[in-house]
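One structure is given below, encoded as structure tokens.
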Amino acid sequence: MIHSRIAGTGSYLPERVLTNADLERMVDTSDQWIVERTGIRRRHLAAEGQSTCDLAEQAARRALEAAGVTAADIDLVIVATTTPDRVFPSTACLLQERLEIHGCPAFDVQAVCTGFVYALDVAHRFIRTGGARRALVVGAETMSRIVDWSDRSTCILFGDGAGAVVLEAADEAGILSTHLHADGSYKELLTTDGGVSEPPPEGGQPHIRMSGNEVFKIAVKTLGAIVDETLAANGLEQGVVDWLVPHQANIRIIQATARKLKLPMERVIVTIEDQGNTSAASIPLALDTAVRDGRIRRGETLLLEAFGGGFTWGSALLVY
Ligand code: COA
């Protein structure tokens, strides 16, 4: 059987930092409220003219370098994003062109904050069935472009960034299982107020709209259930996973999932304080951070999980 394993990781955060103090000057909020309710202190924002593909390219090049391969070795490009550069071509095609690789399949996956888990699942299935040998899987976002900067209930949450992995065919198991779900009946709780064929009410750019408290409660419950599903599918008990690498939406959601897994917070990769919610980019950003600082080592078991608009939710259990 062909397995798939992560050969290398990379990430990129734009230079500009927006602190809670900066937000205090923009909307009626406080550093204390933001930190207590979310765990976020600052977030990175793309510069004017810096696109999702620009961030994706930096993360991708770092992942290729870490994997010890060149772009020419890649035969599948998947970008998970909610904030593509253009309606079309896909950001994956734009990235493929930047990397000067031509001909291999390249496409975007849109599952909002669960996008990276979806993309990883798709790449894993390509590799297992022999459809690809080495995939570049990227989560990249410029959420700042769809944030309503006058809405204090959402503008404090989001940031920009990108993370990437090279996933390659291997003889030994890397990804052990993936679990994807969606339920569109929750579409109004976390959405944008318009898009392409459905115009925004007052014209112009669509913005994020969220019923935060309801999303919070459902996220905690749903992520608890997917932890159970993932452990059961692998015949594992709570507490045996080495690291939880969660989507970074709210520190309180992350803590609840860690409790469900019976993992102390020292075994949870948390980047939310410095990065906010970077949607599809948050898991590969967290993964790369912990690989590069030496916390996550080869042979350790990781549980990746995410919840986002749709609703979508998913997890992956893997040996790094
Ligand atoms: N600063 C100060 N007060 C704020 C505020 C801000 N930035 N944003 C909202 N408030 C106020 C509200 O107006 C409300 O005031 P009221 O009681 O006078 O009506 C009060 O704070 C409580 O609001 P509520 O929405 O109930 O707070 P909360 O504890 O649920 O925290 C979130 C809000 C958004 C931080 C939280 O609900 C959350 O993280 N939700 C999930 C987000 C998420 O995961 N989204 C993406 C999934 S990928």
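A note on labels: chains of the structure tokens are A, B, ... as shown, every chain counts residues from 1, and ligands are counted from 1 in their shown order.
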Next item on the list: Mind checking which residues fall within 12 Å of range 48-57 of chain A, counting only C-alpha atoms, ignoring those fewer than 3 positions away in the same chain, and posting them as a ChimeraX atom specification?
Entry: /A:10-16,44-45,60-64,71,77-86,89-100,108,136-145,159-165,278,280-281,284-285
Next item on the list: Do a neighbour search on Glu168 in chain A at 6 Å with only C-alpha atoms, toss out local chain neighbours closer than 6 positions, and write the hits as a PyMOL selection string.
Entry: chain A and resi 4-5+133-134
File of the preceding selection, N, CA and C atoms, as a tab-separated table (two decimals), in the first residue's frame:
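Below is the file part.tsv, written as the result:
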chain	number	residue	atom	x	y	z
A	4	SER	N	1.24	8.20	2.66
A	4	SER	CA	1.70	9.58	2.41
A	4	SER	C	2.23	10.16	3.70
A	5	ARG	N	3.33	10.88	3.60
A	5	ARG	CA	3.92	11.51	4.80
A	5	ARG	C	4.35	12.94	4.49
A	133	ARG	N	2.81	11.73	-6.70
A	133	ARG	CA	3.90	11.22	-5.84
A	133	ARG	C	4.28	12.27	-4.79
A	134	ARG	N	4.18	13.54	-5.18
A	134	ARG	CA	4.64	14.59	-4.26
A	134	ARG	C	3.76	15.83	-4.44
Determine, using only C-alpha atoms and all ligand atoms, which residues of chain A have any atom at most 7 Å from an atom of ligand 1, and tabulate each with its shortest atom pair and distance in Å to one decimal place, rows ordered by chain and then rising number, as a Markdown table.
| residue | atom | partner | partner_atom_place_in_ligand_line | distance |
| --- | --- | --- | --- | --- |
| A:Asp28 | CA | ligand 1 | 1 (N) | 6.1 |
| A:Thr29 | CA | ligand 1 | 1 (N) | 3.6 |
| A:Ser30 | CA | ligand 1 | 1 (N) | 5.9 |
| A:Trp33 | CA | ligand 1 | 2 (C) | 5.6 |
| A:Ile34 | CA | ligand 1 | 7 (N) | 6.1 |
| A:Arg37 | CA | ligand 1 | 35 (C) | 5.1 |
| A:Thr38 | CA | ligand 1 | 35 (C) | 5.1 |
| A:Cys113 | CA | ligand 1 | 48 (S) | 5.1 |
| A:Arg152 | CA | ligand 1 | 7 (N) | 4.3 |
| A:Ser153 | CA | ligand 1 | 8 (N) | 3.6 |
| A:Thr154 | CA | ligand 1 | 34 (C) | 6.4 |
| A:Ile156 | CA | ligand 1 | 7 (N) | 5.9 |
| A:Gly212 | CA | ligand 1 | 37 (O) | 3.6 |
| A:Asn213 | CA | ligand 1 | 30 (O) | 3.7 |
| A:Glu214 | CA | ligand 1 | 37 (O) | 6.9 |
| A:Val215 | CA | ligand 1 | 41 (C) | 5.0 |
| A:Phe216 | CA | ligand 1 | 41 (C) | 3.9 |
| A:Ala219 | CA | ligand 1 | 44 (O) | 6.7 |
| A:Ala249 | CA | ligand 1 | 44 (O) | 4.6 |
| A:Asn250 | CA | ligand 1 | 39 (O) | 5.0 |
| A:Ser279 | CA | ligand 1 | 48 (S) | 6.4 |
| A:Phe307 | CA | ligand 1 | 48 (S) | 5.3 |
| A:Gly308 | CA | ligand 1 | 48 (S) | 3.8 |
| A:Gly309 | CA | ligand 1 | 48 (S) | 6.3 |
Could you write out that same residue set with C-alpha atoms as a tab-separated table (two decimals), in the first residue's frame?
chain	number	residue	atom	x	y	z
A	28	ASP	CA	-14.96	50.30	20.86
A	29	THR	CA	-12.92	47.45	22.38
A	30	SER	CA	-10.11	46.81	24.85
A	33	TRP	CA	-11.63	42.06	26.48
A	34	ILE	CA	-9.88	40.63	23.40
A	37	ARG	CA	-12.38	36.26	25.27
A	38	THR	CA	-10.08	35.07	22.48
A	113	CYS	CA	-11.12	27.49	8.27
A	152	ARG	CA	-15.77	45.01	16.67
A	153	SER	CA	-17.26	41.52	17.02
A	154	THR	CA	-15.24	40.17	14.07
A	156	ILE	CA	-10.47	41.64	16.36
A	212	GLY	CA	-19.95	34.49	17.41
A	213	ASN	CA	-21.56	33.05	20.51
A	214	GLU	CA	-23.58	30.42	18.61
A	215	VAL	CA	-20.56	29.49	16.48
A	216	PHE	CA	-18.50	29.13	19.65
A	219	ALA	CA	-17.55	24.55	17.51
A	249	ALA	CA	-9.96	30.50	16.27
A	250	ASN	CA	-10.24	31.06	20.02
A	279	SER	CA	-8.48	30.60	8.58
A	307	PHE	CA	-13.97	24.02	12.34
A	308	GLY	CA	-15.20	26.80	10.08
A	309	GLY	CA	-17.83	28.43	7.90
Next item on the list: Calculate how many Å separate CA of Asp288 in chain A from CA of Ala66 in chain A, rounding to one decimal.
Entry: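 About the pair CA of Asp288 in chain A and CA of Ala66 in chain A: they are 10.1 Å apart.
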Check: So which residues of range 94-202 of chain A fall under helix (DSSP H, G or I) by DSSP, listed as a ChimeraX atom specification?
Finding: /A:94-98,112-128,143-145,152-155,184-186
Selection above as a file: C-alpha atoms, as a compact mmCIF listing (two decimals), in the first residue's frame:
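Result went into out.txt, see below:
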# COMPACT_ATOMS: atom_id res chain seq x y z
CA LEU A 94 -1.13 31.36 -9.94
CA LEU A 95 1.22 29.67 -7.46
CA GLN A 96 2.12 26.94 -9.94
CA GLU A 97 3.11 29.63 -12.46
CA ARG A 98 5.25 31.45 -9.84
CA VAL A 112 -12.95 28.20 4.98
CA CYS A 113 -11.12 27.49 8.27
CA THR A 114 -11.21 23.72 7.61
CA GLY A 115 -9.65 24.25 4.18
CA PHE A 116 -6.20 22.93 5.02
CA VAL A 117 -7.57 19.69 6.50
CA TYR A 118 -9.73 19.24 3.39
CA ALA A 119 -6.74 19.92 1.11
CA LEU A 120 -4.52 17.52 3.05
CA ASP A 121 -7.20 14.82 2.77
CA VAL A 122 -7.46 15.32 -0.99
CA ALA A 123 -3.68 15.22 -1.49
CA HIS A 124 -3.46 12.11 0.72
CA ARG A 125 -6.05 10.34 -1.46
CA PHE A 126 -4.21 11.35 -4.67
CA ILE A 127 -1.00 9.86 -3.30
CA ARG A 128 -2.59 6.68 -1.94
CA MET A 143 -8.67 37.60 5.67
CA SER A 144 -8.03 41.32 6.26
CA ARG A 145 -9.54 41.94 2.80
CA ARG A 152 -15.77 45.01 16.67
CA SER A 153 -17.26 41.52 17.02
CA THR A 154 -15.24 40.17 14.07
CA CYS A 155 -12.39 42.57 13.20
CA GLY A 184 -24.68 23.81 4.99
CA SER A 185 -27.79 24.33 7.10
CA TYR A 186 -25.62 26.50 9.36
Next item on the list: Measure the distance from CA of Leu261 in chain A to CA of Val227 in chain A in Å and round it to one decimal.
Entry: 6.9 Å
Check: Smallest atom-to-atom distance to Ala233 in chain A: which of A:Thr178, A:Arg292, A:Ile101, A:Glu172, using only C-alpha atoms?
Finding: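 For Ala233 in chain A, the nearest of the candidates is A:Thr178.
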Checklist line | A:Gly276, A:Gln32, A:Val109, A:Phe311 ranked by distance to Leu190 in chain A, top pick (using only C-alpha atoms) | finding: A:Phe311
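Using only C-alpha atoms, the nearest neighbour of Leu176 in chain A within the list A:Leu231, A:Val69, A:Ile251, A:Val27 is A:Leu231.
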Next item on the list: Run DSSP on the backbone and give me the residues of range 140-245 of chain A it puts in strand (DSSP E or B), as JSON, numbers by chain.
Entry: {"A": [140, 141, 142, 158, 160, 161, 162, 163, 164, 165, 166, 167, 168, 169, 170, 175, 176, 177, 178, 179, 180, 181, 182, 190, 191, 192, 208, 209, 210, 243, 244, 245]}
Notebook entry, point to check: How far is it from CA of Arg297 in chain A to CA of Ile272 in chain A, in Å with one decimal?
Noted result: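 So the answer is 21.4 Å.
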Next item on the list: Extract, using only C-alpha atoms, all DNA, RNA and protein residues at most 10 Å from Ile254 in chain A, discarding same-chain residues fewer than 6 positions from it, and format them as an NGL selection string.
Entry: :A and (219-220 or 223 or 244-248 or 260 or 265 or 268-270 or 272 or 305-306)
